[in-house]
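Data first, discussion second: the structure below is written as structure tokens.
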Amino acid sequence: SVLSRYENQITILSDYLEEFPETDEPVWILGRQHHLNTDKSKLLLDISARLWFTYRRKFSPIGGTGPSSDAGWGCMLRCGQMMLAQALICRHLGRDWQWDKHKKQPEEYHRILRCFLDRKDCCYSIHQMAQMGVGEGKSIGEWFGPNTVAQVLKKLALFDEWNSLAVYVSMDNTVVIEDIKKMCWFPAQSSGVAHSSAHLHRSALGQNKNTAGLCPGWKPLLLIIPLRLGINHINPVYIDAFKECFKMPQSLGALGGKPNNAYYFIGFLGNELIYLDPHTTQSFVDSEENGTVDDESFHCQQAPHRMKIMNLDPSVALGFFCKEEYDFDNWCSLVQKEIVKQQSLRMFELVQKHPPHWPPFIPPTKPEVTTTGAELIESTDKLFELEEEFEILSV
């Protein structure tokens, strides 16, 4: 009955931007500035271009016998999908790409969407994320926090050759420049090693080739910074710095919300945060025979929600995307100028060298197994089954 109640839940959105106040203050959306008095339509187009992932129902059961809907528990996973999807849009189509439901979209767009479809063979599906969460101590159907989602995305990205992302999740509120550059600068590989590695994971994720190539270069960076901005409530001292992050051209927004209610924050107006809400249950959508996806339900075409920053739960995760090393260097300069030097109580630290008291930094690599991502998921299926049997025996 609880699941049914969530599946029938409908989020009521206001029509367009009529409820936004009359103000000269700018609206910031993922590093872009808009003015309500002059370009409301551009603001709406910018928001509707973001991929919007919500609860879905009637997909194949997770693990074969698990839930066929994530209503009521998958909201943070959907927010993680939205942040990652924004990174992939920036990587392949550019930050200023706009979505038009009446126009044909590029193949890269449909390929991005296919990464997130609710199927176990899609690399960032709800199935893959829920299963990978088992290794993070989360049972399938259990609510995730921002840091857990970040860890899951970091692991899944290792199997994603097409996008070839380096995912860095900071620890102890500290971003280490040395470690990120070590992770993002990859050396040339011998053709034999590269071919073997590509062969192992290509079939599971539906990827055709590693577009990063075999030459040394910079892997596009997805930087996620989990933070605790207070104890029970957000500390007001962090508000200005938190808002500054949405102004940065590298911004992917933030994961957060309220206890057990996750939202994807994409910008702000004054002291109100603007967010996309995953708490709408829609039916499962699969790709067509030609590989395209009926994508209208993946874009929020109405006014986004807003909430006062002070109502935000203090547990959040900031996201940034740096396609080139120049973007990362620019981000470091902005952080030094707008966050580190301006704040008496810093939201997070940015350091050049790896702290000597930390364990050595080893860039994450694919597991040394002769298996595919799909087979990896089957092994986590078995782990889930064993947990269920243990629980039954315990009872």
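Following the order of the structure tokens, first chain is A, next is B, and so on, with residues numbered from 1 inside each chain and ligands from 1 in the order they appear.
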Near-Val167 of chain A list (7 Å; only C-alpha atoms; drop same-chain fewer than 4 positions) as a ChimeraX atom specification: /A:154,221-223
Ser315 of chain A surroundings by only C-alpha atoms, 10 Å radius, close-in-sequence under 4 positions cut, as a ChimeraX atom specification: /A:145-147,226-234,255-259
What does the file look like for those residues with all heavy atoms, as a compact mmCIF listing (two decimals), in the first residue's frame?
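Saved to again.txt:
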# COMPACT_ATOMS: atom_id res chain seq x y z
N GLY A 145 22.31 8.44 0.67
CA GLY A 145 22.70 9.82 0.93
C GLY A 145 23.58 10.33 -0.19
O GLY A 145 24.00 9.57 -1.08
N PRO A 146 23.92 11.63 -0.19
CA PRO A 146 24.73 12.20 -1.27
C PRO A 146 26.08 11.52 -1.45
O PRO A 146 26.52 11.26 -2.57
CB PRO A 146 24.89 13.67 -0.86
CG PRO A 146 23.75 13.95 0.05
CD PRO A 146 23.49 12.67 0.78
N ASN A 147 26.78 11.22 -0.36
CA ASN A 147 28.10 10.62 -0.47
C ASN A 147 28.03 9.21 -1.04
O ASN A 147 28.87 8.81 -1.86
CB ASN A 147 28.80 10.58 0.90
CG ASN A 147 30.19 9.99 0.81
OD1 ASN A 147 31.06 10.51 0.12
ND2 ASN A 147 30.40 8.88 1.49
N PRO A 226 31.34 15.89 -1.33
CA PRO A 226 30.35 15.72 -0.27
C PRO A 226 30.70 16.61 0.92
O PRO A 226 31.86 16.71 1.32
CB PRO A 226 30.46 14.23 0.11
CG PRO A 226 31.20 13.59 -1.04
CD PRO A 226 32.12 14.66 -1.56
N LEU A 227 29.70 17.27 1.46
CA LEU A 227 29.93 18.22 2.55
C LEU A 227 28.88 18.07 3.64
O LEU A 227 27.76 17.63 3.39
CB LEU A 227 29.88 19.66 2.02
CG LEU A 227 30.92 20.07 0.98
CD1 LEU A 227 30.58 21.44 0.41
CD2 LEU A 227 32.32 20.07 1.58
N ARG A 228 29.25 18.49 4.82
CA ARG A 228 28.31 18.64 5.93
C ARG A 228 28.38 20.10 6.35
O ARG A 228 29.37 20.54 6.96
CB ARG A 228 28.69 17.71 7.09
CG ARG A 228 27.68 17.71 8.22
CD ARG A 228 26.49 16.84 7.91
NE ARG A 228 25.45 16.96 8.94
CZ ARG A 228 24.30 16.29 8.91
NH1 ARG A 228 24.05 15.48 7.91
NH2 ARG A 228 23.40 16.45 9.86
N LEU A 229 27.34 20.87 6.02
CA LEU A 229 27.38 22.33 6.22
C LEU A 229 26.70 22.76 7.51
O LEU A 229 26.14 23.85 7.59
CB LEU A 229 26.71 23.02 5.02
CG LEU A 229 27.34 22.72 3.66
CD1 LEU A 229 26.60 23.46 2.56
CD2 LEU A 229 28.82 23.09 3.66
N GLY A 230 26.76 21.92 8.51
CA GLY A 230 26.15 22.22 9.79
C GLY A 230 25.84 20.93 10.51
O GLY A 230 26.18 19.83 10.04
N ILE A 231 25.20 21.03 11.66
CA ILE A 231 24.86 19.83 12.43
C ILE A 231 23.42 19.40 12.12
O ILE A 231 23.21 18.40 11.43
CB ILE A 231 25.04 20.08 13.94
CG1 ILE A 231 26.51 20.48 14.22
CG2 ILE A 231 24.68 18.83 14.74
CD1 ILE A 231 26.78 20.86 15.65
N ASN A 232 22.46 20.14 12.59
CA ASN A 232 21.07 19.82 12.28
C ASN A 232 20.49 20.73 11.21
O ASN A 232 19.54 20.37 10.52
CB ASN A 232 20.21 19.93 13.55
CG ASN A 232 20.62 18.92 14.60
OD1 ASN A 232 20.89 17.77 14.30
ND2 ASN A 232 20.70 19.37 15.86
N HIS A 233 21.08 21.91 11.07
CA HIS A 233 20.64 22.88 10.07
C HIS A 233 21.88 23.47 9.41
O HIS A 233 22.97 23.46 9.98
CB HIS A 233 19.79 23.99 10.71
CG HIS A 233 18.59 23.48 11.45
ND1 HIS A 233 17.43 23.09 10.82
CD2 HIS A 233 18.39 23.29 12.78
CE1 HIS A 233 16.56 22.68 11.72
NE2 HIS A 233 17.11 22.80 12.92
N ILE A 234 21.72 24.00 8.21
CA ILE A 234 22.84 24.60 7.52
C ILE A 234 23.31 25.83 8.27
O ILE A 234 22.52 26.64 8.75
CB ILE A 234 22.45 24.96 6.05
CG1 ILE A 234 23.67 25.43 5.27
CG2 ILE A 234 21.34 25.98 6.01
CD1 ILE A 234 23.42 25.58 3.79
N LEU A 255 23.63 17.93 -4.96
CA LEU A 255 22.69 16.91 -4.48
C LEU A 255 22.38 17.22 -3.03
O LEU A 255 23.28 17.56 -2.25
CB LEU A 255 23.32 15.52 -4.58
CG LEU A 255 23.90 15.11 -5.93
CD1 LEU A 255 24.54 13.72 -5.81
CD2 LEU A 255 22.84 15.12 -7.00
N GLY A 256 21.13 17.09 -2.65
CA GLY A 256 20.76 17.35 -1.27
C GLY A 256 19.26 17.33 -1.12
O GLY A 256 18.56 16.62 -1.82
N GLY A 257 18.76 18.13 -0.18
CA GLY A 257 17.31 18.19 0.01
C GLY A 257 16.94 18.28 1.47
O GLY A 257 17.51 19.05 2.25
N LYS A 258 15.99 17.44 1.84
CA LYS A 258 15.53 17.32 3.21
C LYS A 258 15.63 15.85 3.60
O LYS A 258 15.76 14.99 2.72
CB LYS A 258 14.09 17.83 3.33
CG LYS A 258 13.93 19.30 2.94
CD LYS A 258 12.47 19.72 2.99
CE LYS A 258 12.31 21.18 2.57
NZ LYS A 258 10.89 21.62 2.57
N PRO A 259 15.54 15.51 4.88
CA PRO A 259 15.66 14.10 5.27
C PRO A 259 14.74 13.20 4.44
O PRO A 259 13.52 13.40 4.39
CB PRO A 259 15.28 14.12 6.75
CG PRO A 259 15.70 15.48 7.22
CD PRO A 259 15.41 16.39 6.05
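Between atom CA of Thr292 of chain A and atom CA of Gln250 of chain A the separation is 28.5 Å.
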What lies within 6 Å of segment 265-277 of chain A using only C-alpha atoms, ignoring chain neighbours under 4 positions off, as a PyMOL selection string? chain A and resi 27-30+246+253-254+304-309
Could you please take those selected residues and save C-alpha atoms as a CSV table (one decimal), in the first residue's frame?
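File produced: selection_33.csv:
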chain,number,residue,atom,x,y,z
A,27,VAL,CA,18.9,33.9,-11.6
A,28,TRP,CA,21.9,31.6,-11.8
A,29,ILE,CA,21.5,28.2,-13.4
A,30,LEU,CA,24.6,26.0,-13.6
A,246,PHE,CA,26.4,27.8,-8.9
A,253,GLY,CA,24.7,21.9,-9.2
A,254,ALA,CA,24.3,20.0,-5.9
A,304,PRO,CA,11.1,24.4,-11.3
A,305,HIS,CA,10.6,24.3,-7.6
A,306,ARG,CA,12.2,26.7,-5.2
A,307,MET,CA,13.1,26.4,-1.5
A,308,LYS,CA,14.8,28.7,1.0
A,309,ILE,CA,18.4,27.9,1.5
Identify, with DSSP run on backbone atoms, the residues in segment 70-298 of chain A assigned to strand (DSSP E), and express the list as an MDAnalysis selection string. chainID A and resid 166:169 174:176 185:186 217:218 221:228 251:258 261:269 272:276 281:283
